[in-house]
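Printed here is start-v7.tsv (TSV, N, CA and C atoms):
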chain	number	residue	atom	x	y	z
A	1058	PHE	N	-48.25	66.67	10.04
A	1058	PHE	CA	-48.86	67.98	10.07
A	1058	PHE	C	-48.94	68.51	8.65
A	1059	GLY	N	-49.99	69.25	8.37
A	1059	GLY	CA	-50.15	69.84	7.05
A	1059	GLY	C	-51.15	70.97	7.11
A	1060	TRP	N	-51.37	71.56	5.98
A	1060	TRP	CA	-52.31	72.68	5.84
A	1060	TRP	C	-53.52	72.15	5.10
A	1061	ILE	N	-54.71	72.28	5.68
A	1061	ILE	CA	-55.93	71.80	5.04
A	1061	ILE	C	-56.77	73.02	4.65
A	1062	LEU	N	-56.99	73.17	3.37
A	1062	LEU	CA	-57.73	74.33	2.88
A	1062	LEU	C	-59.13	74.42	3.48
A	1063	GLU	N	-59.83	73.30	3.55
A	1063	GLU	CA	-61.20	73.37	4.07
A	1063	GLU	C	-61.25	73.73	5.55
A	1064	ARG	N	-60.17	73.56	6.26
A	1064	ARG	CA	-60.09	73.97	7.67
A	1064	ARG	C	-59.50	75.37	7.79
A	1065	GLY	N	-58.89	75.84	6.72
A	1065	GLY	CA	-58.30	77.17	6.73
A	1065	GLY	C	-57.08	77.30	7.60
A	1066	GLY	N	-56.35	76.21	7.76
A	1066	GLY	CA	-55.16	76.28	8.59
A	1066	GLY	C	-54.51	74.94	8.80
A	1067	PRO	N	-53.59	74.90	9.74
A	1067	PRO	CA	-52.84	73.67	9.98
A	1067	PRO	C	-53.70	72.59	10.61
A	1068	ALA	N	-53.35	71.36	10.27
A	1068	ALA	CA	-54.04	70.20	10.82
A	1068	ALA	C	-53.04	69.09	11.08
A	1069	MET	N	-53.41	68.23	11.98
A	1069	MET	CA	-52.59	67.07	12.28
A	1069	MET	C	-53.29	65.85	11.71
A	1070	TYR	N	-52.54	65.00	11.04
A	1070	TYR	CA	-53.09	63.72	10.59
A	1070	TYR	C	-52.56	62.66	11.53
A	1071	LEU	N	-53.47	62.03	12.25
A	1071	LEU	CA	-53.10	60.99	13.21
A	1071	LEU	C	-53.05	59.66	12.46
A	1072	GLU	N	-51.86	59.17	12.23
A	1072	GLU	CA	-51.67	57.97	11.42
A	1072	GLU	C	-52.18	56.72	12.14
A	1073	GLU	N	-51.71	56.46	13.34
A	1073	GLU	CA	-52.15	55.25	14.04
A	1073	GLU	C	-51.98	55.40	15.55
A	1074	ILE	N	-52.90	54.79	16.26
A	1074	ILE	CA	-52.75	54.53	17.68
A	1074	ILE	C	-52.95	53.02	17.80
A	1075	TYR	N	-52.00	52.35	18.37
A	1075	TYR	CA	-52.11	50.90	18.49
A	1075	TYR	C	-51.73	50.49	19.90
A	1076	VAL	N	-52.58	49.70	20.51
A	1076	VAL	CA	-52.33	49.13	21.82
A	1076	VAL	C	-52.34	47.61	21.65
A	1077	VAL	N	-51.30	46.96	22.11
A	1077	VAL	CA	-51.24	45.50	21.97
A	1077	VAL	C	-52.43	44.87	22.67
A	1078	PRO	N	-52.95	43.79	22.10
A	1078	PRO	CA	-54.19	43.20	22.63
A	1078	PRO	C	-54.17	42.92	24.13
A	1079	GLU	N	-53.05	42.45	24.66
A	1079	GLU	CA	-53.03	42.10	26.08
A	1079	GLU	C	-53.11	43.31	27.01
A	1080	LEU	N	-52.95	44.51	26.48
A	1080	LEU	CA	-53.04	45.71	27.31
A	1080	LEU	C	-54.29	46.55	27.03
A	1081	ARG	N	-55.13	46.08	26.16
A	1081	ARG	CA	-56.35	46.83	25.84
A	1081	ARG	C	-57.32	46.82	27.02
A	1082	GLY	N	-58.17	47.83	27.07
A	1082	GLY	CA	-59.14	47.93	28.15
A	1082	GLY	C	-58.61	48.62	29.38
A	1083	ARG	N	-57.43	49.21	29.27
A	1083	ARG	CA	-56.80	49.90	30.41
A	1083	ARG	C	-56.70	51.41	30.20
A	1084	GLU	N	-57.44	51.94	29.23
A	1084	GLU	CA	-57.46	53.38	28.93
A	1084	GLU	C	-56.14	53.88	28.33
A	1085	ILE	N	-55.31	52.98	27.84
A	1085	ILE	CA	-54.04	53.39	27.23
A	1085	ILE	C	-54.31	54.14	25.92
A	1086	GLY	N	-55.24	53.63	25.11
A	1086	GLY	CA	-55.58	54.31	23.86
A	1086	GLY	C	-56.11	55.71	24.11
A	1087	THR	N	-56.94	55.84	25.14
A	1087	THR	CA	-57.47	57.16	25.51
A	1087	THR	C	-56.35	58.11	25.91
A	1088	ALA	N	-55.40	57.62	26.69
A	1088	ALA	CA	-54.27	58.45	27.11
A	1088	ALA	C	-53.40	58.85	25.93
A	1089	LEU	N	-53.16	57.93	25.01
A	1089	LEU	CA	-52.37	58.25	23.82
A	1089	LEU	C	-53.09	59.27	22.95
A	1090	LEU	N	-54.40	59.12	22.80
A	1090	LEU	CA	-55.17	60.07	22.01
A	1090	LEU	C	-55.13	61.45	22.64
A	1091	ARG	N	-55.31	61.53	23.95
A	1091	ARG	CA	-55.25	62.83	24.64
A	1091	ARG	C	-53.89	63.49	24.43
A	1092	ALA	N	-52.83	62.70	24.52
A	1092	ALA	CA	-51.48	63.26	24.32
A	1092	ALA	C	-51.33	63.79	22.89
A	1093	ALA	N	-51.84	63.06	21.92
A	1093	ALA	CA	-51.77	63.52	20.53
A	1093	ALA	C	-52.56	64.81	20.33
A	1094	LEU	N	-53.74	64.88	20.95
A	1094	LEU	CA	-54.56	66.10	20.84
A	1094	LEU	C	-53.88	67.28	21.51
A	1095	ASP	N	-53.19	67.04	22.61
A	1095	ASP	CA	-52.44	68.11	23.28
A	1095	ASP	C	-51.34	68.65	22.36
A	1096	VAL	N	-50.66	67.75	21.65
A	1096	VAL	CA	-49.61	68.17	20.71
A	1096	VAL	C	-50.23	69.00	19.59
A	1097	ALA	N	-51.36	68.54	19.06
A	1097	ALA	CA	-52.03	69.27	17.97
A	1097	ALA	C	-52.43	70.68	18.41
A	1098	ARG	N	-52.98	70.78	19.60
A	1098	ARG	CA	-53.37	72.10	20.12
A	1098	ARG	C	-52.15	72.99	20.31
A	1099	ALA	N	-51.08	72.43	20.85
A	1099	ALA	CA	-49.86	73.20	21.09
A	1099	ALA	C	-49.24	73.70	19.78
A	1100	ARG	N	-49.47	72.95	18.71
A	1100	ARG	CA	-48.94	73.34	17.39
A	1100	ARG	C	-49.90	74.26	16.64
A	1101	GLY	N	-51.03	74.61	17.25
A	1101	GLY	CA	-51.97	75.52	16.63
A	1101	GLY	C	-52.85	74.90	15.56
A	1102	CYS	N	-53.00	73.60	15.60
A	1102	CYS	CA	-53.81	72.91	14.59
A	1102	CYS	C	-55.29	73.25	14.77
A	1103	ARG	N	-55.97	73.35	13.66
A	1103	ARG	CA	-57.41	73.61	13.67
A	1103	ARG	C	-58.22	72.32	13.68
A	1104	SER	N	-57.59	71.22	13.35
A	1104	SER	CA	-58.28	69.94	13.37
A	1104	SER	C	-57.28	68.81	13.48
A	1105	VAL	N	-57.79	67.66	13.85
A	1105	VAL	CA	-57.03	66.42	13.80
A	1105	VAL	C	-57.83	65.50	12.89
A	1106	GLU	N	-57.16	64.96	11.90
A	1106	GLU	CA	-57.79	64.10	10.92
A	1106	GLU	C	-57.27	62.68	11.10
A	1107	LEU	N	-58.12	61.70	10.85
A	1107	LEU	CA	-57.71	60.30	10.95
A	1107	LEU	C	-58.66	59.44	10.14
A	1108	GLU	N	-58.29	58.20	9.97
A	1108	GLU	CA	-59.13	57.23	9.28
A	1108	GLU	C	-59.29	56.01	10.17
A	1109	VAL	N	-60.42	55.34	10.04
A	1109	VAL	CA	-60.68	54.10	10.77
A	1109	VAL	C	-61.31	53.13	9.79
A	1110	GLU	N	-60.78	51.93	9.73
A	1110	GLU	CA	-61.40	50.91	8.88
A	1110	GLU	C	-62.76	50.54	9.44
A	1111	ARG	N	-63.69	50.26	8.56
A	1111	ARG	CA	-65.05	49.93	8.99
A	1111	ARG	C	-65.09	48.78	10.00
A	1112	SER	N	-64.15	47.87	9.89
A	1112	SER	CA	-64.13	46.71	10.78
A	1112	SER	C	-63.59	47.01	12.17
A	1113	HIS	N	-63.07	48.21	12.39
A	1113	HIS	CA	-62.47	48.55	13.69
A	1113	HIS	C	-63.44	49.36	14.55
A	1114	ALA	N	-64.51	48.72	14.95
A	1114	ALA	CA	-65.55	49.40	15.73
A	1114	ALA	C	-65.01	49.91	17.07
A	1115	ARG	N	-64.12	49.18	17.67
A	1115	ARG	CA	-63.58	49.61	18.97
A	1115	ARG	C	-62.79	50.91	18.83
A	1116	ALA	N	-61.98	51.02	17.77
A	1116	ALA	CA	-61.24	52.26	17.53
A	1116	ALA	C	-62.20	53.40	17.21
A	1117	ALA	N	-63.21	53.12	16.40
A	1117	ALA	CA	-64.19	54.15	16.06
A	1117	ALA	C	-64.89	54.66	17.32
A	1118	ALA	N	-65.18	53.77	18.25
A	1118	ALA	CA	-65.83	54.17	19.51
A	1118	ALA	C	-64.92	55.07	20.33
A	1119	LEU	N	-63.63	54.78	20.35
A	1119	LEU	CA	-62.66	55.63	21.06
A	1119	LEU	C	-62.69	57.04	20.50
A	1120	TYR	N	-62.64	57.16	19.18
A	1120	TYR	CA	-62.62	58.48	18.57
A	1120	TYR	C	-63.96	59.20	18.74
A	1121	ALA	N	-65.05	58.47	18.65
A	1121	ALA	CA	-66.37	59.09	18.84
A	1121	ALA	C	-66.50	59.65	20.26
A	1122	ARG	N	-66.01	58.91	21.26
A	1122	ARG	CA	-66.06	59.40	22.64
A	1122	ARG	C	-65.26	60.69	22.80
A	1123	ALA	N	-64.21	60.85	21.99
A	1123	ALA	CA	-63.38	62.04	22.07
A	1123	ALA	C	-63.95	63.21	21.26
A	1124	GLY	N	-65.08	62.97	20.56
A	1124	GLY	CA	-65.72	64.05	19.82
A	1124	GLY	C	-65.51	64.02	18.32
A	1125	PHE	N	-64.74	63.05	17.82
A	1125	PHE	CA	-64.55	62.93	16.37
A	1125	PHE	C	-65.86	62.51	15.72
A	1126	ARG	N	-66.07	62.94	14.49
A	1126	ARG	CA	-67.25	62.58	13.72
A	1126	ARG	C	-66.81	62.14	12.33
A	1127	PRO	N	-67.47	61.14	11.77
A	1127	PRO	CA	-67.08	60.69	10.42
A	1127	PRO	C	-67.45	61.73	9.37
A	1128	LEU	N	-66.62	61.81	8.35
A	1128	LEU	CA	-66.89	62.67	7.20
A	1128	LEU	C	-67.61	61.84	6.14
A	1129	GLU	N	-68.39	62.49	5.34
A	1129	GLU	CA	-69.09	61.81	4.25
A	1129	GLU	C	-68.19	61.80	3.02
A	1130	ARG	N	-67.15	61.00	3.08
A	1130	ARG	CA	-66.18	60.89	2.00
A	1130	ARG	C	-65.86	59.44	1.75
A	1131	VAL	N	-65.27	59.19	0.61
A	1131	VAL	CA	-64.74	57.87	0.29
A	1131	VAL	C	-63.25	58.04	0.09
A	1132	HIS	N	-62.48	57.25	0.80
A	1132	HIS	CA	-61.02	57.31	0.70
A	1132	HIS	C	-60.59	56.50	-0.53
A	1133	TRP	N	-59.76	57.10	-1.35
A	1133	TRP	CA	-59.24	56.43	-2.54
A	1133	TRP	C	-57.74	56.29	-2.43
A	1134	THR	N	-57.20	55.27	-3.05
A	1134	THR	CA	-55.76	55.08	-3.04
A	1134	THR	C	-55.30	54.45	-4.35
A	1135	LEU	N	-54.06	54.72	-4.70
A	1135	LEU	CA	-53.42	54.10	-5.85
A	1135	LEU	C	-52.03	53.66	-5.42
A	1136	PRO	N	-51.87	52.40	-5.08
A	1136	PRO	CA	-50.54	51.92	-4.71
A	1136	PRO	C	-49.60	52.01	-5.93
A	1137	LEU	N	-48.42	52.54	-5.72
A	1137	LEU	CA	-47.48	52.72	-6.81
A	1137	LEU	C	-46.31	51.73	-6.77
A	1138	SER	N	-46.31	50.84	-5.83
A	1138	SER	CA	-45.22	49.88	-5.77
A	1138	SER	C	-45.69	48.49	-6.12
Please express the file's structure as structure tokens.
Amino acid sequence: FGWILERGGPAMYLEEIYVVPELRGREIGTALLRAALDVARARGCRSVELEVERSHARAAALYARAGFRPLERVHWTLPLS
């Protein structure tokens, strides 16, 4: 959880949802996402932020179905270790 200036309030950063391959296709990811969104709403968050690798089309489809939209940004990183 953090404060995002462009949202003008608290936001939740969803780090990962992972379902083991043998259990995929059973709506488990959808249920986990709904639970995370419920927590964000209960905490008064104005948004939920996340990242999806370009190669993870299935994950992107899950988030798109839930109403998430991609931002026009480029993610940058500097590993320090």
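Atom to atom, CA of Arg1098 in chain A and CA of Val1131 in chain A stand 26.9 Å apart.
Counting from CA of Val1076 in chain A, the distance to CA of Glu1129 in chain A is 27.4 Å.
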- Query: Given the choices A:Ala1093, A:Ala1118, A:Leu1137, A:Cys1102, which gets closest to Gly1066 in chain A if the distance is worked out from only C-alpha atoms?
  - Reply: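 That would be A:Cys1102, the residue with the smallest distance to Gly1066 in chain A.
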- Item | Non-local contacts of His1132 in chain A (12 Å; only C-alpha atoms; under 2 positions in same chain excluded) as a list in words | Leu1107, Glu1108, Val1109, Glu1110, Arg1111, Pro1127, Leu1128, Glu1129, Arg1130, Thr1134 and Leu1135 of chain A
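Excluding Ser1104 in chain A itself and same-chain residues fewer than 3 positions from it, the residues having an atom within 6 Å of it are A:Pro1067, A:Ala1068, A:Met1069, counting all atoms listed in the file.
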- Query: So how many Å separate CA of Arg1064 in chain A and CA of Ala1114 in chain A, to one decimal?
  - Reply: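 Those two atoms sit 26.4 Å apart.
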- Query: Which is closest to Glu1106 in chain A among A:Ala1088, A:Tyr1070, A:Leu1094, A:Arg1083, if we use all atoms listed in the file?
  - Reply: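 The answer is A:Tyr1070, which sits nearest to Glu1106 in chain A.
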- Note on the structure: Shortest contact to Val1105 in chain A, candidates A:Gly1065, A:Ala1092, A:Leu1071, A:Pro1136, atoms counted only N, CA and C atoms, goes to A:Leu1071
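Between Ala1116 in chain A and the residues A:Phe1058, A:Arg1091, A:Glu1072, A:Gly1086, the shortest atom-to-atom distance, using only C-alpha atoms, involves A:Gly1086.
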